[in-house]
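The next block holds one structure in the form of structure tokens; read it before the comments.
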Amino acid sequence: MQLQLCIGEQLRKRKELLYNLGAISSYGSMLTFFWHGVEMLLAKEYPESTLFVYAALTFFTIVVMAPYKWDEKWMRIKTSVGMLVFGDSPAIYLFCCIAYR
């Protein structure tokens, strides 16, 4: 019980740090996804349809959710980066689908 109180108190004190770590992780995953598309483009590989659908749906989700908390600086940055990365990724996959069929 004492351990749970201690952990809960530390989480409350450090919630901004935890949010920033989560945001960095989110940027990392976005860039990893984008880099995968670039590698497929360079290797002239045909992508699976699930990759294209996932990237397109994620882009749609980011665009639709953009107005929420748009007034907060970090949400604008995160949303803009997400739109850029997940807007380019389906375009890359679509190009690979057309060019390398």
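Letters for chains follow the order of the structure tokens (A, B, ...), residue numbers begin at 1 for each chain, and ligand numbers begin at 1 in the order shown.
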
For this session: Please provide the set of residues having any atom within 10 Å of region 34-36 of chain A, restricted to only C-alpha atoms, with same-chain residues fewer than 3 positions apart removed, written as a VMD selection string.
Result: chain A and resid 28 to 31 39 to 42 55 84 to 90 92 to 93

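Interatomic distance, CA of Val64 (chain A) to CA of Met83 (chain A): 10.4 Å.
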
Problem set entry | Distance of CA of Trp74 (chain A) from CA of Gln10 (chain A), expressed in Å to one decimal place |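 CA of Gln10 (chain A) sits 23.1 Å away from CA of Trp74 (chain A).
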
For this session: Tell me, in Å to one decimal, how far CA of Ala56 (chain A) is from CA of Leu94 (chain A).
Result: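 Spanning CA of Ala56 (chain A) to CA of Leu94 (chain A) is a straight-line distance of 10.0 Å.
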